[in-house]
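Peer 1: Structure: work28.cif, mmCIF, C-alpha atoms.
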data_upload
#
loop_
_atom_site.label_atom_id
_atom_site.label_comp_id
_atom_site.auth_asym_id
_atom_site.auth_seq_id
_atom_site.Cartn_x
_atom_site.Cartn_y
_atom_site.Cartn_z
CA MET Z 19 136.71 103.97 92.71
CA PRO Z 20 140.09 104.16 94.47
CA THR Z 21 141.01 100.69 95.67
CA ASN Z 22 142.87 101.92 98.73
CA ASN Z 23 139.58 102.96 100.36
CA THR Z 24 138.11 99.46 100.58
CA PRO Z 25 140.32 98.14 103.43
CA PHE Z 26 139.34 101.11 105.58
CA LEU Z 27 135.65 100.26 105.50
CA THR Z 28 136.25 96.53 105.75
CA ILE Z 29 138.37 96.90 108.89
CA PHE Z 30 135.87 99.29 110.46
CA LEU Z 31 132.91 97.06 109.76
CA LEU Z 32 134.76 94.00 110.99
CA PHE Z 33 135.18 95.56 114.41
CA LEU Z 34 131.83 97.35 114.48
CA GLY Z 35 129.81 94.25 113.89
CA LEU Z 36 128.74 94.03 110.26
CA PHE Z 37 130.43 90.68 109.92
CA ARG Z 38 129.34 89.58 113.42
CA PHE Z 39 125.60 89.41 112.88
CA ASP Z 40 125.57 85.68 112.18
CA SER Z 41 127.63 84.85 115.23
CA PHE Z 42 125.96 87.31 117.63
CA PRO Z 43 122.35 87.39 116.46
CA GLY Z 44 120.16 89.97 118.12
CA LEU Z 45 119.52 90.34 121.78
CA GLU Z 46 120.75 87.23 123.57
CA ALA Z 47 118.14 86.31 126.16
CA ALA Z 48 120.57 84.24 128.18
CA THR Z 49 123.23 86.93 128.56
CA GLY Z 50 121.25 90.13 128.16
CA LYS Z 51 123.71 91.46 125.59
CA LEU Z 52 122.50 93.93 123.02
CA ALA Z 53 122.64 93.19 119.33
CA SER Z 54 125.38 94.77 117.28
CA VAL Z 55 124.67 98.19 115.78
CA PRO Z 56 127.44 99.38 113.44
CA GLY Z 57 126.44 103.04 113.30
CA LEU Z 58 124.22 105.61 115.05
CA TYR Z 59 122.91 108.66 113.18
CA VAL Z 60 121.02 111.26 115.21
CA PHE Z 61 118.54 113.91 114.07
CA GLY Z 62 116.68 116.29 116.33
CA ASP Z 63 116.70 119.29 118.62
CA SER Z 64 118.44 120.37 121.82
CA LEU Z 65 117.44 117.15 123.60
CA VAL Z 66 120.14 115.37 121.58
CA ASP Z 67 122.33 118.21 120.20
CA ALA Z 68 126.00 117.35 120.80
CA GLY Z 69 127.36 120.77 119.87
CA ASN Z 70 126.32 121.62 116.31
CA ASN Z 71 125.06 125.03 117.39
CA ASN Z 72 128.55 125.91 118.63
CA HIS Z 73 129.43 126.29 114.95
CA LEU Z 74 126.54 128.61 114.04
CA LEU Z 75 127.98 132.10 114.00
CA LEU Z 76 124.78 134.00 114.77
CA SER Z 77 123.08 131.53 117.08
CA ILE Z 78 122.45 132.36 120.71
CA SER Z 79 120.88 128.92 121.19
CA LYS Z 80 124.09 127.45 122.57
CA ALA Z 81 125.18 125.56 125.66
CA ASN Z 82 128.96 125.86 125.35
CA TYR Z 83 129.39 127.60 128.70
CA PRO Z 84 129.13 126.58 132.40
CA HIS Z 85 127.25 125.14 134.20
CA ASN Z 86 126.49 123.00 131.15
CA GLY Z 87 128.89 120.07 131.06
CA VAL Z 88 129.69 120.20 134.76
CA ASP Z 89 129.54 116.39 134.87
CA PHE Z 90 130.89 115.75 131.37
CA PRO Z 91 134.46 114.34 131.22
CA ASN Z 92 136.88 117.11 132.21
CA LYS Z 93 133.83 119.25 133.17
CA LYS Z 94 133.71 120.47 129.59
CA PRO Z 95 130.71 122.45 128.28
CA THR Z 96 130.46 120.82 124.85
CA GLY Z 97 127.26 122.40 123.60
CA ARG Z 98 125.02 119.72 125.09
CA PHE Z 99 122.05 121.23 126.93
CA CYS Z 100 122.79 119.09 129.96
CA ASN Z 101 125.07 118.67 132.95
CA GLY Z 102 126.74 115.73 131.22
CA LYS Z 103 125.89 113.33 128.42
CA ASN Z 104 122.52 113.34 126.70
CA ALA Z 105 120.23 110.55 125.49
CA ALA Z 106 121.98 110.18 122.13
CA ASP Z 107 125.27 109.64 123.96
CA ALA Z 108 123.67 107.09 126.28
CA ILE Z 109 122.30 105.13 123.31
CA ALA Z 110 125.73 105.09 121.66
CA GLU Z 111 127.34 103.81 124.85
CA LYS Z 112 124.71 101.07 125.20
CA PHE Z 113 125.75 99.72 121.79
CA GLY Z 114 129.47 100.13 122.36
CA LEU Z 115 129.84 102.96 119.85
CA PRO Z 116 131.83 106.18 120.17
CA LEU Z 117 129.76 109.27 120.91
CA PRO Z 118 128.53 110.55 117.52
CA PRO Z 119 130.34 113.86 116.90
CA PRO Z 120 128.39 116.93 115.79
CA TYR Z 121 128.30 117.10 112.01
CA LEU Z 122 129.51 120.71 111.86
CA SER Z 123 132.65 119.79 113.81
CA LEU Z 124 133.74 117.55 110.93
CA ARG Z 125 134.11 120.24 108.28
CA GLY Z 126 137.42 121.28 106.76
CA LEU Z 127 140.48 119.58 105.29
CA LEU Z 128 142.04 118.94 108.68
CA LYS Z 129 138.98 116.92 109.73
CA ARG Z 130 138.96 114.65 106.68
CA GLU Z 131 140.08 111.47 108.44
CA GLN Z 132 137.86 112.12 111.45
CA ARG Z 133 134.92 112.69 109.11
CA LYS Z 134 135.67 109.43 107.29
CA SER Z 135 135.72 107.49 110.56
CA ALA Z 136 132.58 109.17 111.92
CA ALA Z 137 130.70 108.47 108.70
CA VAL Z 138 130.95 104.79 109.61
CA THR Z 139 130.36 104.81 113.37
CA GLY Z 140 127.79 107.61 113.44
CA VAL Z 141 127.22 111.37 113.28
CA ASN Z 142 124.99 113.72 115.25
CA PHE Z 143 123.04 116.22 113.11
CA ALA Z 144 120.77 117.55 115.87
CA SER Z 145 120.53 121.26 116.61
CA GLY Z 146 119.17 123.21 119.55
CA GLY Z 147 116.04 125.13 118.54
CA ALA Z 148 115.46 122.91 115.50
CA GLY Z 149 111.99 121.96 114.37
CA ILE Z 150 110.25 119.85 111.80
CA PHE Z 151 109.24 123.06 110.05
CA ASN Z 152 111.76 125.57 108.73
CA SER Z 153 110.85 128.15 111.33
CA SER Z 154 112.22 131.62 112.03
CA ASP Z 155 115.09 129.96 113.89
CA GLU Z 156 116.67 129.01 110.56
CA LYS Z 157 116.15 132.50 109.09
CA LEU Z 158 117.83 134.06 112.11
CA GLY Z 159 120.63 131.48 112.10
CA GLN Z 160 119.59 130.10 115.47
CA GLY Z 161 119.24 126.42 114.58
CA ILE Z 162 119.37 123.81 111.82
CA PRO Z 163 115.86 122.61 110.85
CA LEU Z 164 115.24 118.95 110.14
CA SER Z 165 115.23 119.34 106.34
CA LYS Z 166 118.74 120.79 106.47
CA GLN Z 167 119.86 118.10 108.92
CA VAL Z 168 118.80 115.54 106.34
CA ASN Z 169 120.78 117.46 103.69
CA ASN Z 170 123.81 117.18 105.98
CA TRP Z 171 123.19 113.44 106.37
CA LEU Z 172 123.16 113.04 102.60
CA SER Z 173 126.65 114.54 102.45
CA ILE Z 174 127.83 111.95 105.00
CA HIS Z 175 126.04 109.30 102.95
CA GLU Z 176 128.12 110.33 99.93
CA GLU Z 177 131.23 109.89 102.07
CA LEU Z 178 130.16 106.36 102.97
CA MET Z 179 129.34 105.40 99.39
CA LYS Z 180 132.81 106.45 98.23
CA LEU Z 181 134.32 103.72 100.37
CA GLU Z 182 132.57 100.56 99.17
CA PRO Z 183 128.96 100.97 98.02
CA SER Z 184 127.74 97.39 98.51
CA GLU Z 185 129.20 97.08 102.02
CA ALA Z 186 128.00 100.59 102.84
CA GLN Z 187 124.42 99.66 101.93
CA ILE Z 188 124.51 96.66 104.26
CA HIS Z 189 126.04 98.85 106.95
CA LEU Z 190 123.23 101.40 106.57
CA SER Z 191 120.55 98.74 106.77
CA LYS Z 192 121.94 97.56 110.13
CA SER Z 193 122.57 101.03 111.60
CA LEU Z 194 120.18 102.93 113.85
CA PHE Z 195 118.66 106.24 112.77
CA THR Z 196 117.30 108.18 115.73
CA VAL Z 197 114.87 111.11 115.44
CA VAL Z 198 113.99 113.30 118.44
CA ILE Z 199 112.10 116.39 117.32
CA GLY Z 200 108.78 118.25 117.52
CA SER Z 201 108.84 120.18 120.79
CA ASN Z 202 110.02 123.44 119.25
CA ASP Z 203 107.29 123.34 116.61
CA LEU Z 204 104.75 123.10 119.43
CA PHE Z 205 106.41 125.91 121.36
CA ASP Z 206 106.23 128.01 118.18
CA TYR Z 207 102.52 127.27 117.94
CA PHE Z 208 101.91 128.22 121.58
CA GLY Z 209 103.65 131.54 121.11
CA SER Z 210 102.32 132.59 117.70
CA PHE Z 211 98.91 134.16 117.31
CA LYS Z 212 99.43 133.95 113.54
CA LEU Z 213 99.96 130.16 113.59
CA ARG Z 214 96.99 129.62 115.88
CA ARG Z 215 94.80 131.70 113.61
CA GLN Z 216 95.92 129.76 110.52
CA SER Z 217 95.15 126.30 111.91
CA ASN Z 218 93.65 124.61 114.94
CA PRO Z 219 95.76 122.24 117.08
CA GLN Z 220 94.59 119.12 115.23
CA GLN Z 221 95.45 120.61 111.85
CA TYR Z 222 98.82 121.93 112.98
CA THR Z 223 99.94 118.67 114.61
CA GLN Z 224 98.84 116.73 111.52
CA LEU Z 225 100.95 119.07 109.38
CA MET Z 226 103.89 118.34 111.67
CA ALA Z 227 103.47 114.59 111.17
CA ASP Z 228 103.10 115.00 107.40
CA LYS Z 229 106.25 117.12 107.17
CA LEU Z 230 108.21 114.66 109.28
CA LYS Z 231 107.08 111.87 106.97
CA GLU Z 232 108.71 113.66 104.02
CA GLN Z 233 112.06 113.77 105.80
CA LEU Z 234 111.88 110.17 107.01
CA LYS Z 235 111.29 109.07 103.42
CA ARG Z 236 114.38 110.99 102.31
CA ILE Z 237 116.48 109.22 104.95
CA HIS Z 238 114.95 105.85 104.03
CA ASP Z 239 115.63 106.43 100.33
CA SER Z 240 119.34 106.76 101.15
CA GLY Z 241 119.42 103.20 102.51
CA ALA Z 242 118.36 103.60 106.15
CA ARG Z 243 116.07 100.83 107.39
CA ARG Z 244 116.01 100.92 111.21
CA PHE Z 245 114.48 103.94 112.93
CA LEU Z 246 114.02 104.96 116.55
CA ILE Z 247 111.34 107.67 116.63
CA VAL Z 248 110.84 109.45 119.95
CA GLY Z 249 107.52 111.12 120.70
CA VAL Z 250 107.17 114.53 122.31
CA ALA Z 251 107.19 114.55 126.11
CA GLN Z 252 104.89 116.47 128.47
CA ILE Z 253 106.32 119.89 127.70
CA GLY Z 254 103.58 121.43 129.81
CA CYS Z 255 105.35 119.98 132.85
CA THR Z 256 108.73 121.65 132.29
CA PRO Z 257 109.92 123.89 135.13
CA GLY Z 258 109.42 127.00 132.99
CA LYS Z 259 105.79 126.12 132.27
CA ARG Z 260 105.11 125.21 135.91
CA ALA Z 261 106.66 128.44 137.20
CA LYS Z 262 104.15 130.48 135.19
CA ASN Z 263 101.41 128.93 137.31
CA SER Z 264 102.23 131.31 140.15
CA THR Z 265 100.45 129.58 143.01
CA ILE Z 266 100.41 125.80 142.74
CA HIS Z 267 102.98 125.20 140.00
CA GLU Z 268 100.81 122.65 138.19
CA CYS Z 269 101.55 121.45 134.67
CA ASP Z 270 100.13 123.36 131.73
CA GLU Z 271 97.53 120.81 130.64
CA GLU Z 272 96.63 122.67 127.44
CA ALA Z 273 100.24 122.36 126.27
CA ASN Z 274 100.23 118.70 127.22
CA MET Z 275 97.03 118.14 125.24
CA TRP Z 276 98.70 119.48 122.10
CA CYS Z 277 101.64 117.14 122.69
CA SER Z 278 99.21 114.23 122.86
CA LEU Z 279 97.57 115.32 119.61
CA TYR Z 280 100.91 115.37 117.84
CA ASN Z 281 101.97 111.99 119.23
CA GLU Z 282 98.69 110.45 118.02
CA ALA Z 283 99.25 111.88 114.54
CA LEU Z 284 102.86 110.66 114.62
CA VAL Z 285 101.92 107.07 115.50
CA LYS Z 286 99.35 106.92 112.68
CA MET Z 287 101.80 108.44 110.20
CA LEU Z 288 104.48 105.85 111.04
CA GLN Z 289 102.02 103.02 110.51
CA GLN Z 290 101.04 104.46 107.13
CA LEU Z 291 104.66 105.04 106.11
CA LYS Z 292 105.62 101.43 106.88
CA GLN Z 293 102.75 100.26 104.69
CA GLU Z 294 103.67 102.61 101.86
CA LEU Z 295 107.25 101.38 101.92
CA GLN Z 296 106.03 97.77 101.89
CA GLY Z 297 107.74 96.87 105.12
CA SER Z 298 111.25 97.96 104.08
CA LEU Z 299 111.24 100.41 106.99
CA THR Z 300 111.34 98.98 110.51
CA TYR Z 301 110.83 101.27 113.46
CA THR Z 302 110.19 101.55 117.15
CA TYR Z 303 108.17 104.46 118.48
CA PHE Z 304 109.09 105.44 122.03
CA ASP Z 305 106.30 107.07 124.04
CA ASN Z 306 108.28 109.79 125.77
CA TYR Z 307 105.05 111.40 126.97
CA LYS Z 308 104.10 108.34 129.01
CA SER Z 309 107.64 107.75 130.26
CA LEU Z 310 107.88 111.30 131.64
CA HIS Z 311 104.39 111.03 133.12
CA ASP Z 312 105.34 107.86 134.97
CA ILE Z 313 108.60 109.35 136.28
CA ILE Z 314 106.80 112.46 137.53
CA SER Z 315 104.03 110.37 139.10
CA ASN Z 316 106.45 108.12 140.99
CA PRO Z 317 109.88 109.79 141.12
CA ALA Z 318 111.29 107.63 143.92
CA ARG Z 319 110.84 104.51 141.82
CA TYR Z 320 113.29 105.95 139.29
CA GLY Z 321 115.70 107.44 141.82
CA PHE Z 322 114.61 111.09 141.63
CA ALA Z 323 113.78 113.47 144.48
CA ASP Z 324 112.80 116.58 142.46
CA VAL Z 325 110.74 116.34 139.27
CA THR Z 326 109.38 119.91 139.19
CA SER Z 327 112.36 122.26 139.62
CA ALA Z 328 115.32 122.96 137.37
CA CYS Z 329 118.71 121.87 138.66
CA CYS Z 330 120.33 124.96 137.14
CA GLY Z 331 118.69 128.39 137.14
CA ASN Z 332 117.25 131.06 139.45
CA GLY Z 333 113.96 132.10 141.02
CA LYS Z 334 110.74 130.11 141.33
CA LEU Z 335 111.42 126.42 140.77
CA ASN Z 336 114.88 127.60 139.70
CA ALA Z 337 113.12 128.36 136.41
CA ASP Z 338 112.92 132.13 136.06
CA LEU Z 339 116.23 132.31 134.19
CA PRO Z 340 118.23 129.97 131.91
CA CYS Z 341 121.22 127.97 133.09
CA LEU Z 342 123.88 130.68 132.88
CA PRO Z 343 127.34 130.73 134.51
CA LEU Z 344 126.03 132.71 137.51
CA ALA Z 345 122.94 130.55 137.97
CA LYS Z 346 122.21 128.52 141.07
CA LEU Z 347 123.34 124.90 140.61
CA CYS Z 348 121.88 121.97 142.52
CA SER Z 349 124.41 119.90 144.43
CA ASP Z 350 123.20 116.40 143.49
CA ARG Z 351 122.33 116.28 139.79
CA THR Z 352 121.40 112.60 140.00
CA LYS Z 353 118.27 113.46 142.00
CA TYR Z 354 116.83 115.97 139.50
CA LEU Z 355 114.74 115.14 136.46
CA PHE Z 356 115.20 118.51 134.77
CA TRP Z 357 118.45 120.28 134.07
CA ASP Z 358 117.04 123.73 133.19
CA ARG Z 359 113.85 125.77 132.84
CA TYR Z 360 113.25 124.45 129.31
CA GLY Z 361 112.92 120.86 130.47
CA HIS Z 362 116.16 119.38 129.16
CA PRO Z 363 116.78 116.24 131.19
CA THR Z 364 119.77 115.78 133.43
CA GLU Z 365 122.24 113.06 132.46
CA ALA Z 366 120.64 110.82 135.09
CA ALA Z 367 117.21 111.39 133.54
CA ALA Z 368 118.50 110.82 130.01
CA ARG Z 369 120.01 107.50 131.05
CA THR Z 370 116.78 106.50 132.80
CA ILE Z 371 114.79 107.23 129.63
CA VAL Z 372 117.24 105.22 127.48
CA ASP Z 373 116.95 102.32 129.94
CA LEU Z 374 113.18 102.46 129.43
CA MET Z 375 113.74 102.38 125.67
CA LEU Z 376 115.76 99.20 126.04
CA THR Z 377 113.49 97.34 128.42
CA ASP Z 378 111.92 94.12 127.13
CA ASP Z 379 108.55 95.41 128.32
CA SER Z 380 106.59 97.01 125.47
CA HIS Z 381 104.93 99.43 127.90
CA TYR Z 382 106.54 102.43 126.21
CA SER Z 383 107.48 101.14 122.76
CA SER Z 384 105.49 100.08 119.72
CA PRO Z 385 105.10 98.17 117.49
CA ILE Z 386 108.34 96.55 118.73
CA THR Z 387 110.93 97.48 121.34
CA LEU Z 388 114.34 98.95 120.56
CA THR Z 389 116.05 95.68 121.50
CA GLN Z 390 113.76 93.82 119.09
CA LEU Z 391 114.43 96.41 116.40
CA VAL Z 392 118.20 96.03 116.46
CA SER Z 393 118.00 92.24 116.54
CA THR Z 394 115.81 91.91 113.43
#
As a first step, turn the structure in this file into C-alpha cells.

Peer 2:
Amino acid sequence: MPTNNTPFLTIFLLFLGLFRFDSFPGLEAATGKLASVPGLYVFGDSLVDAGNNNHLLLSISKANYPHNGVDFPNKKPTGRFCNGKNAADAIAEKFGLPLPPPYLSLRGLLKREQRKSAAVTGVNFASGGAGIFNSSDEKLGQGIPLSKQVNNWLSIHEELMKLEPSEAQIHLSKSLFTVVIGSNDLFDYFGSFKLRRQSNPQQYTQLMADKLKEQLKRIHDSGARRFLIVGVAQIGCTPGKRAKNSTIHECDEEANMWCSLYNEALVKMLQQLKQELQGSLTYTYFDNYKSLHDIISNPARYGFADVTSACCGNGKLNADLPCLPLAKLCSDRTKYLFWDRYGHPTEAAARTIVDLMLTDDSHYSSPITLTQLVST
C-alpha cells in the first residue's frame, strides 16, 4: 500500500470526527448538538437524487432544467427534483457535512481527487425512477436500480480501502447509510396488469422487502453498520393522484393501502435482518407515511398553506403536466408541501421531514431515533 495515502485519510478523519467520538459523545442533551457523523452515503430514487440521472445518456427522467433549482444556490437546476435542496442535502447539512455529490459526476481522471475526498465525506448514488427491482427503467436507460447503486457503492468502498483499511473500517462503522426507495416499484405495480396478475399486493410488497434485504446485506457486508431506512409515503395523496379524482380531489386510498402493506413488510424485514446479523446492524426506520399524513392533516402546524397542489405545473391542482420551463410556478415555495405532480417535496417540506427525523420524540422513528442512532 502506498504510504503517501495514509496522511490524506488521517487528516480527513481528524476533521470529520472519527477521532472526536470520545470527546463529543453522541447527542449532547445540554446543548442539543448532534453527534459526529464522518460520512453520508445515500441510496434511493428521485426523492434524494442529486443529479446522477444527468449523466445517463438516454434518460428522460431528469430535472436539470428550470424551474427545478429555482431556490438552489445560484438558481442552478442540478438534477434534483426540487426547487432547492432535497432531504439528503438537509441531512448532510445537519451533520456539518458537504452535500454528497452524485456518484456519476465523479468519474474520469480529472475527478480523481474529488472522488477521493467524496469517498470519505459521502456520495449520493440515488437515481430518479430507480426501484428496488431492476425494472424496465434500467433496460431503457432511464434510471439506476438499487442493485446497481450498491455496485457503485462498492467501487467507492474500494477507493476508501486503498487509503488505510483499518481506519476506513472504523470510518464506515460510524458513517450513516441512508436508503429512500420503494415508491417507483409501487407505481410500476399500479400501472402493470401483468404484475398485478402475477401477484397480489401482499405478495408483491413482501417481494419488495425481500429484495431490499438482499441489497442491505451487501452494504452491511462492506462494513456499514448504521442505517437510516425511510418508509414509503402516502403516494396516493400526491397532486397527480388527487387530480385524477375529477370532482373532490381526494387521495387514492387504494394506492395508500399498498404503501401501508409495503411499510409493514419493511418493518418486519428490518427486525429479522438485525436478528440474523446478530445485532451488528443498527438502524432507525422513519415512518414517512405517518409524517406526511400528519402534515396533510394539520398543515398550519408545520408552516404550510397548500398540501394538495403542486407548486410547479399546470392545470388541475397544477398537476396535469410536469414541472417544465413553461410551467406555472408558485410564488412562495415555503408554503407548499409538493413541488410537482409526482409528489416530490419542496425544499421546505424536505427540511420539515428531516427535522421530524431528528426529533427526540419516537413518534415517527423505530426502534430508535436518528439522533440515538448516530450517538451509539

Peer 1: Output the residue selection produced by the PyMOL selection byres ((chain Z and resi 118) around 9) on the file above, formatted as an MDAnalysis selection string.

Peer 2: chainID Z and resid 57:60 68 106:107 110 115:117 119:121 136 139:142

Peer 1: Could you tell me which residues the PyMOL selection byres ((chain Z and resi 67) around 6) returns for this structure, as a ChimeraX atom specification?

Peer 2: /Z:63-64,66,68-69,98,144-146

Peer 1: Name the closest residue to Lys346 (chain Z) among the candidates Z:Leu246, Z:His85, Z:Lys129, Z:Ile314; distances are taken between atoms, counting only C-alpha atoms.

Peer 2: Z:His85

Peer 1: Hey, can you check how far CA of Leu376 (chain Z) sits from CA of Arg133 (chain Z)?

Peer 2: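 Value for the CA of Leu376 (chain Z)-CA of Arg133 (chain Z) distance: 28.9 Å.
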
Peer 1: Do you have the CA of Arg125 (chain Z)-CA of Asn202 (chain Z) distance handy?

Peer 2: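 That distance, rounded to one decimal, is 26.7 Å.
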
Peer 1: Which residues fall under the PyMOL selection byres ((chain Z and resi 390) around 12) in this file, as an MDAnalysis selection string?

Peer 2: chainID Z and resid 43:47 52:54 244:246 300:302 375:380 383:389 391:394

Peer 1: Using all atoms listed in the file, pick whichever of Z:Phe61, Z:Leu225, Z:Trp276, Z:Asn101 has the shortest atom-to-atom distance to Thr352 (chain Z).

Peer 2: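 That would be Z:Asn101, the residue with the smallest distance to Thr352 (chain Z).
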
Peer 1: For a quick check of understanding, using all atoms listed in the file, which of Z:Gly97, Z:Ala148, Z:Asn169, Z:Lys103 has the smallest distance to Ser123 (chain Z)?

Peer 2: Z:Gly97

Peer 1: Work out how far apart CA of Tyr280 (chain Z) and CA of Leu295 (chain Z) are and give it in Å to one decimal.

Peer 2: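 The value is 22.1 Å.
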
Peer 1: For Val168 (chain Z), work out the shell of residues within 10 Å, counting all atoms listed in the file and skipping chain neighbours fewer than 4 positions away, then give it as an MDAnalysis selection string.

Peer 2: chainID Z and resid 61 143:144 162:164 172:174 233:234 236:237

Peer 1: When distances are computed from all atoms listed in the file, which of Z:Asp89, Z:Asp305, Z:Glu182, Z:Asp358 shows the smallest separation from Cys341 (chain Z)?

Peer 2: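 When distances to Cys341 (chain Z) are compared using all atoms listed in the file, the smallest one comes from Z:Asp358.
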
Peer 1: Env of Gln252 (chain Z): 12 Å cut, atoms = all atoms listed in the file, seq-sep filter 5 positions within chain, self excluded. Answer as a PyMOL selection string.

Peer 2: chain Z and resi 200-201+204-205+257+259-260+269-281+305-314+360-362

Peer 1: Which one is closest to Glu185 (chain Z): Z:Thr364, Z:Pro56, Z:Ala318, Z:Met226? Count only C-alpha atoms.

Peer 2: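 Residue with the minimum atom-to-atom distance to Glu185 (chain Z): Z:Pro56.
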
Peer 1: Please tell me which residues are no farther than 12 Å from (128.1, 123.7, 129.8) in the file, counting all atoms listed in the file, and write them as an MDAnalysis selection string.

Peer 2: chainID Z and resid 68:69 72 80:103 330 340:343 345 347 357:358

Peer 1: Name the closest residue to Leu291 (chain Z) among the candidates Z:Ala337, Z:Leu230, Z:Ala366, Z:Ile253; distances are taken between atoms, counting only C-alpha atoms.

Peer 2: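 Looking at the shortest contact to Leu291 (chain Z), the residue is Z:Leu230.
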